[in-house]
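Here's the structure we're looking at; comments come further down.
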Amino acid sequence: MTSSVAFAQSEADSAITSDAASSSSEGDAIVVTGSRVRRDNFETANQVNVITRGDSVLAGSRSTADVLQSSSITSGTSQINGSFLGFVSEGGPAASTVGLRGLSSSRTLVLLNGRRLAPAGVGPQLVAADLNVLPSGVIQRIEVLREGASSVYGSDAIAGVVNVITDPKVEGLTFDVFTDQPIEHGGGGRNYRASVVAGKVFDRGHITASFEYRERTGMRVGDRGIYSCPRDLYFDPTTGAEVGAVDPSTGQLMCFPYTTNGGSGIASGYGIYFKFANGEQGRIRYDENGNTQIVNGIFRGPPSSAQLKDHIISPVRTYTGYLNGAYEIGALGDAEIYTEALFTRRESHQDFTGQISIDPSQLDSRIEIYGGSYDGTPLSDYGYPTSPFFPTALANQGINYYTPFIVPQTQRQSSQRVDFLRWNGGLRGNLGIGDWRYDGNFQYSHTKSRYSTTQTTPERLSNALQTVLAPAGTPEELITRATAYQAGAGNAYTCASNVDANGNLIAGANCVPFNMYDLSILRDGNVPANVYNYLYQPDVGHTKFDQTTFTLNLDGSLFEIPGGTVRAAIGFEHRRDKLVDTPSLDAQASNLYNYSSAQITKGSDTVDEVYGELNIPLLSNVPFARLLELDVSGRYTHYKSYGSGFTYHFNGQWAPNEIVRFRGNYGTSFRAPNLYEQFVADQTGFYGPNVDPCSGFGAGYSPGDTVYDNCLAALQPILGANAVNYIATAGPQVTTRGGAGLLKAEKSRSYGFGVVLNSPRGPVNASLAIDYWNVRVKGEVTTLGSLILRRCYEADDFPNNEYCALIDPRRPAGDPQQGTLDSFLNPYLNVSEQSAEGIDFDVRFEAPLAGGRFVARATATRNIHQYYQLFATDAKDDYNGTLGVQGFGAGPKWVGDLDLRYTFPGDKVTLRYGVKYVGKQDSSSFADGAPPAPFLGNVTYDLVAETYWEHGLSVQWKLEDIGQVTFGVNNLFNAKPPIISSCPVSACQFTRIGNRFNSSNYDLIGRSLFLNVTRTFK
């Protein structure tokens, strides 16, 4: 979310473009990301982008995750970045992941110092590394390989590899502090970071240690005016004027509307009523004076202000310790024993608005939701459980049943604590055969996490809705009194569960009656603390993830050919992953009220691999071939879960002279189904009512249309003649289930070619790199989600097809939500394919200017296609240029950035100006065929995210007695995320914050000032 991440070259060759990057070095030997072969120079065929620590400091980057999720790295595809999405995501809430080429984080491999970084987070969906575990202060640089590399690194490296590299040998003590402060403070979005790095290099080894504290304060909906009044943004198709529910208190379009299926707000302040005398039912509001108002239409009550307190950016604190050391033992081929350890604790939480609504099917039959009389006789005489809190205004109108919608002002909270440990150690040295070396390494990674969400249970809610007169001596905190406008006015009540059969208070009783008909609760959301704390208590689950890896790598020279030395690397790798996610006992027993359930997800997998790589310099330093080189790699993999496979990769480059160099690659990669995809055990969740294909079908379709006929066939037996007026009022439960034993590995093919132009060496250096890339994934592992519903109801063979078989029957006649979808199964399966192609551009210019040094760098990506095909019989859908949501392959056609720097004479002061560009995204076609919005009819939508520009400015001083001081402004002109509409059906709904498109491409915080101070003591 910072302005324009800048890229820098290795100091070894500033004229070479971003492919010139080293990942580790041993003396004169260099190992470049994308290869396991040591070489003599940085010039490889791989396209590797490099971000140094100096770059991130000048750019005002708030964290390592901030650097890696920049649009120039991710090709403009949106990333999971800790903004609260409101649905289950990779790594759980507050996690930050990176996915290259729009192929998601599960297809991008993250390394720390060349070794796999295991997943971290909460919940069973641990499928990718959480960037929160990475430090900032001890990182030297980050290298990003944006091409398939499974033959070199194994599974998951389909879209590319991110290699985070720490400073190998630190001498002295370095303190670093950083803060980023939004100018529009608003109480949130502040960032703080402090680290200390200490190291010592001695004759036979080195040791480096660091500790870092990072804090990001949460940002709430009400902290920024641009987010605090979400509307559906529907427009009249004739006049173009915005239409929607109107707030009578202001006369303006209502914020947080909830009646038009846009998902912008939550219903509150009214309830559903029923009259026994004539069967009349509907929605009604009332006040303290006995006035009532039927609210069956578009306006049912003002929105709850509690929604302004929802977090849109999660508060996060991390504590990170890092250790790296090596010692030459003087034996076993001048061997060096080495070790590395990383420990991070993440603490995060999200406050969110919850709704209390009454579903009698989940609660005790004795709950008190009745009142009044029937034919002059009190309902209690007929055995109905009547409430002493029932409003007299409703009873006087003959209403006998009333269940309200309440939004408490007290926020519910989801919290996470994640402990991540990674340790590895090994021995490396000379084999004694030429220059061949060995490196044996054992690595252990462990995630232990705790997650909780404040929940209520059917038992607690049922207890709070069953009352008796409070016996003498009942503590005040267990008493609720009826108000003047209620049936039991003035009396004190406690829960029936608090009292024994003799009318005596039970020792240790803790239930508090819930007067849900009290207007201060129903209308204003002021649920008393003692009531709320009884109802809502933390529901706790635990996750453990273990990964053990053993790797043995051998590399060295084979023989000489005219072009140079043929080098090789061979190796073996064994890895075992184990996941155990244990939800709370209530979650396992489906005992959470109006919330998802989950079973224990438990599984493991083992993989054994052998690999080899050859680097063949065919020609060098001859006419028309300053360099002609081929790199070949292959890997045989055997997974316990699915079997065996072989991947290979070819890289080649030809430089006829020092000015031009051509490069190309072709290879295969694969990804085995991860543990979550295999073993997730019936994890449930809920969709909104707008996923129902039949909602509003009577107005949106015509008789003879497939959807119309199918919906009528499903609903007419339940609703009769009223079926054509059906509008969904509740969404279905969805159960996600793993595909262990059924899933196959994903396979991919990628290729690319490009040209690199370098100016002749001199005081002015310039370079240009243009690379075409193309990657296709077949047999992609995914779930279909709500598409199952659409495929069922759009089918000619309804209801006798494979999609309808996954859907449970609709709720029957007589149910409070009769006709609505109840639940459906959402299994993991292999689908046809996903593919992407594009062109990367990289331009660099460096020249002396006025006694100083000027450097300009521009990078850009043109996404050409982003195809997705569910089944071989389906047409390919191209999502290129459409709105890209987190973790999905879509996004702008163009992204780019520009970085300008000038270092003044004396090398003491550097000035930087950065610009980030995100192209237009247009999903207008997604709304084609959308049904009319409830109560509004046909409307139009704005599903276009306009072009976005973001600027940054900074200056850096190197002060002898203070250290390095960097001060700057992120988002200099306070660019805001684009405005988009909501939509009444899920097919055209995209993640929004307020009325703004929620994407990691845009800065959610706004203009901010940052300061970084670094001081080193030698």
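Note on naming: chains are A, B, ... as they come in the structure tokens, residues start from 1 per chain, ligands start from 1 in the order shown.
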- Shell around Thr549 of chain A at 7 Å using only C-alpha atoms, local window under 6 positions removed, as a list of chain:residue names: A:Phe442, A:Gln443, A:Tyr444, A:His574, A:Arg575, A:Arg576
Using all heavy atoms, can you write the selected residues to a file as a tab-separated table (two decimals), in the first residue's frame?
chain	number	residue	atom	x	y	z
A	442	PHE	N	18.83	-30.06	7.44
A	442	PHE	CA	17.57	-30.50	8.04
A	442	PHE	C	16.83	-29.26	8.52
A	442	PHE	O	17.43	-28.38	9.17
A	442	PHE	CB	17.81	-31.44	9.22
A	442	PHE	CG	16.55	-31.79	9.97
A	442	PHE	CD1	15.69	-32.76	9.48
A	442	PHE	CD2	16.20	-31.12	11.13
A	442	PHE	CE1	14.52	-33.08	10.14
A	442	PHE	CE2	15.03	-31.43	11.81
A	442	PHE	CZ	14.18	-32.42	11.32
A	443	GLN	N	15.55	-29.20	8.21
A	443	GLN	CA	14.75	-28.03	8.60
A	443	GLN	C	13.44	-28.48	9.23
A	443	GLN	O	12.79	-29.42	8.76
A	443	GLN	CB	14.46	-27.16	7.38
A	443	GLN	CG	13.60	-25.93	7.68
A	443	GLN	CD	13.55	-24.96	6.53
A	443	GLN	OE1	14.50	-24.24	6.27
A	443	GLN	NE2	12.42	-24.92	5.84
A	444	TYR	N	13.07	-27.78	10.30
A	444	TYR	CA	11.81	-28.05	10.98
A	444	TYR	C	11.06	-26.74	11.14
A	444	TYR	O	11.61	-25.74	11.62
A	444	TYR	CB	12.06	-28.67	12.36
A	444	TYR	CG	10.81	-28.80	13.21
A	444	TYR	CD1	9.81	-29.70	12.87
A	444	TYR	CD2	10.63	-28.01	14.34
A	444	TYR	CE1	8.67	-29.82	13.64
A	444	TYR	CE2	9.48	-28.12	15.12
A	444	TYR	CZ	8.50	-29.04	14.75
A	444	TYR	OH	7.37	-29.15	15.52
A	574	HIS	N	13.48	-34.74	0.99
A	574	HIS	CA	12.36	-35.43	1.64
A	574	HIS	C	11.62	-34.40	2.47
A	574	HIS	O	12.23	-33.63	3.23
A	574	HIS	CB	12.87	-36.56	2.54
A	574	HIS	CG	11.80	-37.13	3.43
A	574	HIS	ND1	10.95	-38.14	3.03
A	574	HIS	CD2	11.44	-36.83	4.72
A	574	HIS	CE1	10.12	-38.43	4.02
A	574	HIS	NE2	10.39	-37.65	5.05
A	575	ARG	N	10.29	-34.41	2.37
A	575	ARG	CA	9.49	-33.44	3.13
A	575	ARG	C	8.21	-34.11	3.63
A	575	ARG	O	7.59	-34.90	2.93
A	575	ARG	CB	9.13	-32.24	2.26
A	575	ARG	CG	8.45	-31.11	3.05
A	575	ARG	CD	8.25	-29.86	2.22
A	575	ARG	NE	7.19	-29.97	1.23
A	575	ARG	CZ	7.38	-30.10	-0.07
A	575	ARG	NH1	8.62	-30.13	-0.56
A	575	ARG	NH2	6.37	-30.20	-0.92
A	576	ARG	N	7.85	-33.74	4.86
A	576	ARG	CA	6.59	-34.23	5.43
A	576	ARG	C	5.83	-33.06	6.02
A	576	ARG	O	6.38	-32.27	6.79
A	576	ARG	CB	6.85	-35.28	6.52
A	576	ARG	CG	5.55	-35.88	7.08
A	576	ARG	CD	5.85	-36.99	8.08
A	576	ARG	NE	4.62	-37.69	8.48
A	576	ARG	CZ	3.87	-37.34	9.53
A	576	ARG	NH1	4.23	-36.31	10.30
A	576	ARG	NH2	2.78	-38.03	9.84
- Message: Please return, as a PyMOL selection string, all residues of segment 136-326 of chain A that DSSP assigns to strand (DSSP E or B) on the basis of the backbone.
- Response: chain A and resi 139-145+160-166+172-182+191-202+205-216+219-220+234-235+242-243+246-247+252-253+270-274+281-286+292-294+311-313+316-326
- Query: Nearest to Val918 of chain A: which of A:Met516, A:Ile406, A:Ala975, A:Leu943 is it, counting only C-alpha atoms?
  - Reply: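 Among the listed residues, A:Ala975 lies closest to Val918 of chain A.
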- Item | Shell of 6 Å around Val756 of chain A, only C-alpha atoms, local chain residues under 4 positions omitted, as a ChimeraX atom specification | /A:660-661,768-769
For the selection you just gave me, I'd like the residues written to a file as a PDB file, in the first residue's frame, keeping N, CA and C atoms.
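Wrote out-v9.pdb, looks like this:
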ATOM      1  N   VAL A 660      23.138  -6.522 -26.755  1.00  0.00           N
ATOM      2  CA  VAL A 660      21.858  -7.210 -26.865  1.00  0.00           C
ATOM      3  C   VAL A 660      22.001  -8.649 -26.356  1.00  0.00           C
ATOM      4  N   ARG A 661      20.957  -9.084 -25.684  1.00  0.00           N
ATOM      5  CA  ARG A 661      20.924 -10.463 -25.186  1.00  0.00           C
ATOM      6  C   ARG A 661      19.492 -10.984 -25.298  1.00  0.00           C
ATOM      7  N   LEU A 768      17.175  -1.955 -21.227  1.00  0.00           N
ATOM      8  CA  LEU A 768      15.770  -2.216 -21.503  1.00  0.00           C
ATOM      9  C   LEU A 768      15.580  -3.714 -21.592  1.00  0.00           C
ATOM     10  N   ALA A 769      14.607  -4.243 -20.853  1.00  0.00           N
ATOM     11  CA  ALA A 769      14.264  -5.661 -20.929  1.00  0.00           C
ATOM     12  C   ALA A 769      12.788  -5.785 -21.260  1.00  0.00           C
TER      13      ALA A 769
END
- Task: Choose the residue, out of A:Gln416, A:Ser89, A:Gln409, A:Asn430, that has the smallest atom-to-atom separation from Gly333 of chain A; count only C-alpha atoms.
- Result: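 Smallest distance to Gly333 of chain A is found for A:Asn430.
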- Query: Residues of segment 439-633 of chain A in helix (DSSP H, G or I) according to DSSP, as number ranges by chain?
  - Reply: A: 458-464, 476-478, 496-498, 519-522, 529-535, 585-588
- Message: Using only C-alpha atoms, which protein or nucleic acid residues come within 7 Å of segment 551-566 of chain A? Drop anything in the same chain fewer than 3 positions from it, and give the result as number ranges by chain.
- Response: A: 37, 435-442, 569-574, 615-620
- Message: When you count only C-alpha atoms, which of these residues is closest to Leu379 of chain A: A:Ile399, A:Val133, A:Val144, A:Ala484?
- Response: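 Among the listed residues, A:Ile399 lies closest to Leu379 of chain A.
Put simply, atom CA of Thr1016 of chain A is 18.9 Å away from atom CA of Thr910 of chain A.
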